[in-house]
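Q: Got a structure for you, questions after.
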Amino acid sequence: MEKSVYLNKIAVWDKAAAHHILSRTLFGFTQQDVAFALSKSLDDFIDNFLLGNKPEPQSPTYQSVEWVNSPNNNDTRTNYSNWFRTLIYWWYDLMLNQGMTFREKVTIFLHNHFVSEYNVVQVPQFMFHQNKLFRQYAFGNFKEITKKVTIDPAMLIYLNGNVSTKTKPNENYARELLELFTIGIGNYTENDIKEAARALTGWRINNDTRQSYFDSTRFDSTNKTFLGQTGNFGYQEIVDIIFQQPKTAEFLCRKLYKEFIHYETNNDYVLQLANVMRTNNYEMKPVLSTLLKSQFFHSEDVRGAKIKSPIEITFSAFRQFNLVPDETLYSYVRTFLSMIQQDLFNPPDVRGWEGQRKWISSNTYPTRNNFTDSIINGKRFDRNTTIKKVDVIPFTRSFSSSENAVQFIEDISKFLIQFPLSTTKKNSLLQTMLDGTAISNWSTYDPLAEGRLKNFYKYLMRLPEFQLL
Amino acid sequence: MKRKDFLKHLGMITGGGVVTLTVGGIPIKAFANSFLNINSTNGNVLVLIQLKGGNDGLNTIIPFEDSVYFTKRPTLAISKDTVVKLNNLTGLHPSLQPLKSIFDDGKMTIVQNIGYENQNRSHFRSTDIWLSASDANQFLYDGWAGRYLAKAFPNYPALPPAHPMAVQLGSVQSLVLESQYGGMGITFQDPNNFYQLVSGINADNDPSPNTLAGEELKFLKEVAALSIQYASVIKEKADASQNKVTYPNTNLGTQLAIIADLISGGLQTPVYLATLDGFDTHANQVTSHANLMKTLADAIKAFQDDLQLLGVADKVVTMTFSEFGRRLTENGSFGTDHGAAAPMLFFGNRVIGGFYGSNPSLTDLDSSGDVKFKYDFRQIYSTVLINHLGMSKEQVAQVLLKDFQTLPIIKINPTSVNDNNLIPSDYNLEQNYPNPFNPSTTISYYLAESGFVSIKVFDSIGREIKLLVNNYQTAGKHSVQFYANGLSSGTYIYSIEAGNFKTSRKMLLIK
């Protein structure tokens, strides 16, 4: 593909394009989702639905009582374990039931970009409000959200901004702001970090109101020289100066590329997308819109080349198989996600989850297989307890080709697997499903059908191709 | 899972007949007598303990007579009367008390002031530098231990050894065990659990398409194949022995207990990796660092005692490392920020014992006001590779990409691996130099035999953009220049095909 057409909109809006966009923007898609997407034009679908405005969700509650506005003190602390659990399940719900929007995946992207860990912050109210901020700005202005995150209470705790004073400025946030959140290594000096740290002093948290506030007595009000400019800078000026640098858009677009296109970047595409970001003054919506519609994004090579994150493999399986979780299943999911290294609200360190091949080791890969088996078997793999399971017969019959074995294999493999399967592989799937019966005898009304289909779906989800999207 | 069940599994997928597992595109012969245990190692074991976050060296190995230490750390300095004194100038953090007897027995070495030129203070970059043994401005995509293992097991992946080449306790594969053939180690948390986990994996032998997605699929299949391969031998060796001491009930304690069990059970793996996290003590360091020191000391003491009782202490050297030390001057949050040089600790019957190097100068500091390094960390790697794992100097210079002088911290191994026992000269495709590069770079490679060779360059989407070599060449070392005129910055892949030897590496063009 000529690099001059990388960002051009795709010419044909068809099933293959819809599968690709839906698998990358949602947590699993249904046949209805595909039909809906194709009933709109590409522009309408992307700009008004996937990137459309949606009302903010209601806040999580514990035993029907809202807790997100509670103060942080020794009394409220006794509830934190319960409140935190409801926060996690609340986000699981949003990922599953959000509808036709890209918002939750972008929110996770922001959570993985502006990292804070609950293990360090230890206050669920702060984590909730930070998460709310990410959701508010998912399609908003990146410069603005960077400013907001800088004085966000969870972040102030996580990177020690709340103890940074003019006599002893703490460099932790200043370093990560430059290295990981905006411009990247090689574009600033250790001195810039020290100067930025001075400009970021003075912020504290009020544990009753849960707000951060500025204490001028702790602020270094002398001049700082940062990225070549001098002045009595505070946090806003620091962020403004960072966003004046052309490298910032490049760094941010490289991250978007890595998350939504491929883990190894094409520099030309990144630079072109960065132009879009700068021209649009760091608004996310035009950047994401361009990305999702671009020919490059839809190229053969990009399709099926992403390794599903733990959250993707879990929730897309639920959504695609129409398995509606209950709390028992959520509790199991939380344990499972932790085993395969994606504990929500607890990335391993400030760089966040690296993703792609890092999700797969001799330990985590077999564990994923055990999980996908378990939602067919209806039993946790780590304990011998029952869980809700996929209803294989109604699910299979939701496909018009369910009684035609060969066509069904075609349809189900395109629906569940984004990687183009070889003829041998499809044949192997067919043989597994038939389990010895002749093709012409295949029927979902056969008493043996349920057993065959359970085996078949487990086998399908154990294919390495199933790990890709 | 028994060997015949494993083969039966494969049979189920292909309908019987000969099955070919592939790793790195090269077929593994899946029959018993092909799992030759080509022992290219000398039987010694290296245990790496990674201290993640940047361990505060100055509060670990304490210069308790240096007044500057106390002036710069008014709240954090360990008081002279609580230091566990090792001599009249230096001592241990009080929580490291359990290590004192090991030191007194001459089985602990402390090497001072280890670091590298142009210290990088980013956790991730500096960790990558330590794990890949690169220069500060160089980018390598494999680990020093991975490169060592590729040399020590030259027929991998065509003929993998019967035991895993490296074992990592944990869940996410570390860069340190990566090589051009992929991950050289097996990662798991518990041998029995791992065995249960793996027994359901199906292997398959479909060739993967030559696309980006195909590459990821190949990777997934490799992980599956290796897991199947090693799960049962790991369980067998774990069951063959048991720990003779009670380990502390900490994550590190458990990791070391498993390692001791596997070594004494007869697993021939030469490299193990354990991890202890939490060293990034920017605030309120006193308690958190003390806890970490206690965890470290209790686990290591139990480990050394256990190895002794199990009769395998003579072959194990354990070493700790971290991505940097911390600043001399404490910050305003009762903690320390990222620093530079720091000490490393070594344990085992084969270490020389005592100190190597003296306390850091706290007045002659680097430009950031941090401890200057005296010894490059790669000298340590050179030392353990030559004096403990028995590699030749020439091979180590290839693994570390340069010659690094060893330090006298390990007793010279009389039973070095004899080069003559190794399969005569291996094929190898070196990392290009320089990397990153602009506008040209040199690609060197070694041919075991004369024959037809082709070397191609691809862009990051897999399109072939240059055929660099395409002719008959003699056995030995060769180099070719790649000029990137007219190409855009980014990652490129160069691959070699010489007979059955096929592999590729990545390089980075930065204009």
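Going through the structure tokens in order, the chains are called A, B, and so on, while each chain numbers its residues from 1 and the ligands are numbered from 1 in the order shown.
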With only C-alpha atoms as the counted atoms, please give the residues lying no more than 10 Å from segment 199-211 of chain A, apart from itself and same-chain residues fewer than 3 positions off, as an MDAnalysis selection string.
A: chainID A and resid 68:73 125:126 129 150:154 156:157 160:171 173:174 193:196 214:226 231:238
Q: Would you mind listing, for every residue of chain A within 9 Å of chain B, the two atoms forming the shortest contact and the distance between them in Å to one decimal, using only C-alpha atoms, sorted by chain and ascending residue number, as JSON lines?
A:
{"residue": "A:Leu159", "atom": "CA", "partner": "B:His282", "partner_atom": "CA", "distance": 8.6}
{"residue": "A:Asn160", "atom": "CA", "partner": "B:Ala283", "partner_atom": "CA", "distance": 7.4}
{"residue": "A:Val163", "atom": "CA", "partner": "B:Ser333", "partner_atom": "CA", "distance": 6.1}
{"residue": "A:Ser164", "atom": "CA", "partner": "B:Gly332", "partner_atom": "CA", "distance": 6.9}
{"residue": "A:Thr165", "atom": "CA", "partner": "B:Gly332", "partner_atom": "CA", "distance": 7.3}
{"residue": "A:Thr167", "atom": "CA", "partner": "B:Gly332", "partner_atom": "CA", "distance": 7.2}
{"residue": "A:Lys168", "atom": "CA", "partner": "B:Gly332", "partner_atom": "CA", "distance": 4.3}
{"residue": "A:Pro169", "atom": "CA", "partner": "B:Gly332", "partner_atom": "CA", "distance": 6.6}
{"residue": "A:Asn170", "atom": "CA", "partner": "B:Asn331", "partner_atom": "CA", "distance": 6.7}
{"residue": "A:Glu171", "atom": "CA", "partner": "B:Asp337", "partner_atom": "CA", "distance": 7.3}
{"residue": "A:Asn172", "atom": "CA", "partner": "B:His282", "partner_atom": "CA", "distance": 7.5}
{"residue": "A:Arg175", "atom": "CA", "partner": "B:Ser122", "partner_atom": "CA", "distance": 8.3}
{"residue": "A:Glu176", "atom": "CA", "partner": "B:Ser122", "partner_atom": "CA", "distance": 8.7}
{"residue": "A:Glu179", "atom": "CA", "partner": "B:Ser122", "partner_atom": "CA", "distance": 8.0}
{"residue": "A:Ile185", "atom": "CA", "partner": "B:Ser122", "partner_atom": "CA", "distance": 8.7}
{"residue": "A:Glu190", "atom": "CA", "partner": "B:Ser368", "partner_atom": "CA", "distance": 8.4}
{"residue": "A:His262", "atom": "CA", "partner": "B:Leu212", "partner_atom": "CA", "distance": 8.9}
{"residue": "A:Glu264", "atom": "CA", "partner": "B:Ser460", "partner_atom": "CA", "distance": 7.1}
{"residue": "A:Thr265", "atom": "CA", "partner": "B:Gly490", "partner_atom": "CA", "distance": 7.3}
{"residue": "A:Asn266", "atom": "CA", "partner": "B:Gly490", "partner_atom": "CA", "distance": 6.4}
{"residue": "A:Asn267", "atom": "CA", "partner": "B:Gly490", "partner_atom": "CA", "distance": 5.4}
{"residue": "A:Asp268", "atom": "CA", "partner": "B:Ser488", "partner_atom": "CA", "distance": 7.0}
{"residue": "A:Glu300", "atom": "CA", "partner": "B:Thr211", "partner_atom": "CA", "distance": 8.4}
{"residue": "A:Asp301", "atom": "CA", "partner": "B:Leu212", "partner_atom": "CA", "distance": 5.7}
{"residue": "A:Val302", "atom": "CA", "partner": "B:Leu212", "partner_atom": "CA", "distance": 7.1}
{"residue": "A:Arg303", "atom": "CA", "partner": "B:Ala213", "partner_atom": "CA", "distance": 7.2}
{"residue": "A:Gly304", "atom": "CA", "partner": "B:Ala213", "partner_atom": "CA", "distance": 5.6}
{"residue": "A:Ala305", "atom": "CA", "partner": "B:Ala213", "partner_atom": "CA", "distance": 3.8}
{"residue": "A:Lys306", "atom": "CA", "partner": "B:Ala213", "partner_atom": "CA", "distance": 7.3}
{"residue": "A:Ile307", "atom": "CA", "partner": "B:Glu216", "partner_atom": "CA", "distance": 7.5}
{"residue": "A:Met339", "atom": "CA", "partner": "B:Ser171", "partner_atom": "CA", "distance": 8.2}
{"residue": "A:Ile340", "atom": "CA", "partner": "B:Ser171", "partner_atom": "CA", "distance": 7.6}
{"residue": "A:Gln341", "atom": "CA", "partner": "B:Ser171", "partner_atom": "CA", "distance": 7.5}
{"residue": "A:Arg351", "atom": "CA", "partner": "B:Phe124", "partner_atom": "CA", "distance": 8.0}
{"residue": "A:Gln356", "atom": "CA", "partner": "B:Glu216", "partner_atom": "CA", "distance": 8.8}
{"residue": "A:Arg357", "atom": "CA", "partner": "B:Glu216", "partner_atom": "CA", "distance": 7.9}
{"residue": "A:Lys358", "atom": "CA", "partner": "B:Val172", "partner_atom": "CA", "distance": 6.0}
{"residue": "A:Trp359", "atom": "CA", "partner": "B:Val172", "partner_atom": "CA", "distance": 7.0}
{"residue": "A:Ile360", "atom": "CA", "partner": "B:Val172", "partner_atom": "CA", "distance": 7.3}
{"residue": "A:Ser361", "atom": "CA", "partner": "B:Val172", "partner_atom": "CA", "distance": 6.0}
{"residue": "A:Ser362", "atom": "CA", "partner": "B:Ser227", "partner_atom": "CA", "distance": 5.3}
{"residue": "A:Asn363", "atom": "CA", "partner": "B:Phe188", "partner_atom": "CA", "distance": 5.0}
{"residue": "A:Thr364", "atom": "CA", "partner": "B:Ser171", "partner_atom": "CA", "distance": 6.5}
{"residue": "A:Tyr365", "atom": "CA", "partner": "B:Ala224", "partner_atom": "CA", "distance": 7.5}
{"residue": "A:Pro366", "atom": "CA", "partner": "B:Val198", "partner_atom": "CA", "distance": 5.8}
{"residue": "A:Thr367", "atom": "CA", "partner": "B:Leu197", "partner_atom": "CA", "distance": 6.5}
{"residue": "A:Asn369", "atom": "CA", "partner": "B:Ile201", "partner_atom": "CA", "distance": 7.7}
{"residue": "A:Asn370", "atom": "CA", "partner": "B:Leu197", "partner_atom": "CA", "distance": 7.5}
{"residue": "A:Phe419", "atom": "CA", "partner": "B:Ala213", "partner_atom": "CA", "distance": 7.4}
{"residue": "A:Ser422", "atom": "CA", "partner": "B:Asp206", "partner_atom": "CA", "distance": 8.4}
{"residue": "A:Thr424", "atom": "CA", "partner": "B:Asp206", "partner_atom": "CA", "distance": 8.1}
{"residue": "A:Lys425", "atom": "CA", "partner": "B:Asp206", "partner_atom": "CA", "distance": 7.9}
{"residue": "A:Ser428", "atom": "CA", "partner": "B:Ile13", "partner_atom": "CA", "distance": 7.6}
{"residue": "A:Tyr459", "atom": "CA", "partner": "B:Asn202", "partner_atom": "CA", "distance": 8.8}
{"residue": "A:Arg462", "atom": "CA", "partner": "B:Asn202", "partner_atom": "CA", "distance": 7.4}
{"residue": "A:Leu463", "atom": "CA", "partner": "B:Asn202", "partner_atom": "CA", "distance": 7.9}
{"residue": "A:Pro464", "atom": "CA", "partner": "B:Leu220", "partner_atom": "CA", "distance": 6.2}
{"residue": "A:Glu465", "atom": "CA", "partner": "B:Leu217", "partner_atom": "CA", "distance": 6.5}
{"residue": "A:Gln467", "atom": "CA", "partner": "B:Leu220", "partner_atom": "CA", "distance": 8.3}
{"residue": "A:Leu468", "atom": "CA", "partner": "B:Leu217", "partner_atom": "CA", "distance": 7.9}
Q: Please give the complete set of residues from segment 19-248 of chain A that DSSP, run on the backbone, assigns to alpha helix (DSSP H), formatted as a PyMOL selection string.
A: chain A and resi 19-25+31-39+42-44+80-97+103-113+118-121+124-136+142-150+153-158+172-176+190-199+235-244+246-248
Q: Where does DSSP see strand (DSSP E or B) in segment 109-272 of chain B, if you list the residues as a PyMOL selection string?
A: chain B and resi 109-115+166-169+178-179+182-183+185-188+271-272
Q: Neighbouring residues of Pro325 of chain A were defined as those with any atom within 8 Å, considering only C-alpha atoms; residues of the same chain fewer than 5 positions away were excluded. Please report them as a PyMOL selection string.
A: chain A and resi 318+330+388
Q: By how many Å are atom CA of Pro310 of chain A and atom CA of Asp343 of chain A apart?
A: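 Taking atom CA of Pro310 of chain A as the start and atom CA of Asp343 of chain A as the end point, the length is 9.1 Å.
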Q: Would you mind listing what lies within 9 Å of Leu89 of chain B as number ranges by chain, with only C-alpha atoms counted and same-chain residues fewer than 2 positions away left out?
A: B: 62-66, 85-87, 91, 359
Q: Please provide as a PyMOL selection string all residues within 7 Å of segment 381-384 of chain B, with the sequence filter that same-chain residues fewer than 6 positions apart are discarded (counting only C-alpha atoms).
A: chain B and resi 396+404+406-407
Q: Would you put the residues from that selection into a file with N, CA and C atoms, as a PDB file, in the first residue's frame?
A:
ATOM      1  N   VAL B 396      31.786 -15.965  25.026  1.00  0.00           N
ATOM      2  CA  VAL B 396      31.214 -14.913  25.878  1.00  0.00           C
ATOM      3  C   VAL B 396      31.287 -13.560  25.177  1.00  0.00           C
ATOM      4  N   PHE B 404      34.410  -8.228  28.023  1.00  0.00           N
ATOM      5  CA  PHE B 404      34.378  -7.547  29.321  1.00  0.00           C
ATOM      6  C   PHE B 404      35.253  -8.326  30.284  1.00  0.00           C
ATOM      7  N   THR B 406      36.691 -10.107  33.388  1.00  0.00           N
ATOM      8  CA  THR B 406      36.019 -10.724  34.522  1.00  0.00           C
ATOM      9  C   THR B 406      36.542 -10.121  35.819  1.00  0.00           C
ATOM     10  N   LEU B 407      35.810 -10.367  36.902  1.00  0.00           N
ATOM     11  CA  LEU B 407      36.231  -9.932  38.231  1.00  0.00           C
ATOM     12  C   LEU B 407      36.479 -11.182  39.065  1.00  0.00           C
TER      13      LEU B 407
END
Q: List the neighbours of Lys389 of chain A out to 6 Å using only C-alpha atoms; skip same-chain residues closer than 3 positions along the sequence, and give me the result as number ranges by chain.
A: A: 375-376, 378
Q: With C-alpha atoms retained, write the just-selected residues as a PDB file, in the first residue's frame.
A:
ATOM      1  CA  ILE A 375     -17.738 -21.565  30.347  1.00  0.00           C
ATOM      2  CA  ILE A 376     -18.886 -24.477  28.211  1.00  0.00           C
ATOM      3  CA  GLY A 378     -20.290 -24.789  33.559  1.00  0.00           C
TER       4      GLY A 378
END
Q: If you count only C-alpha atoms, which residues fall within 8 Å of Arg147 of chain B, apart from same-chain ones fewer than 6 positions away, as a list in words?
A: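 Close residues of Arg147 of chain B: Leu177, Glu178, Ser179, Gln180 and Val399 of chain B.
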Q: For a test of reading the model, state the distance in Å between atom CA of Asn438 of chain B and atom CA of Ser134 of chain B, rounded to one decimal.
A: 18.3 Å
Q: Taking only C-alpha atoms into account, which of B:Ser495, B:Ser504, B:Gln379, B:Thr363 comes nearest Val68 of chain B?
A: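 Closest residue, counting only C-alpha atoms: B:Thr363.
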Q: Find the residue from A:Phe345, A:Ile417, A:Phe49, A:Glu327 that sits nearest to Phe128 of chain A; use only C-alpha atoms when measuring.
A: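 Under the stated criterion, the closest residue is A:Phe345.
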Q: Between B:Asn55, B:Thr441, B:Thr269, B:Asn192, single out the one closest to Ala162 of chain B, counting only C-alpha atoms.
A: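 Of the candidates, the smallest distance to Ala162 of chain B is held by B:Thr269.
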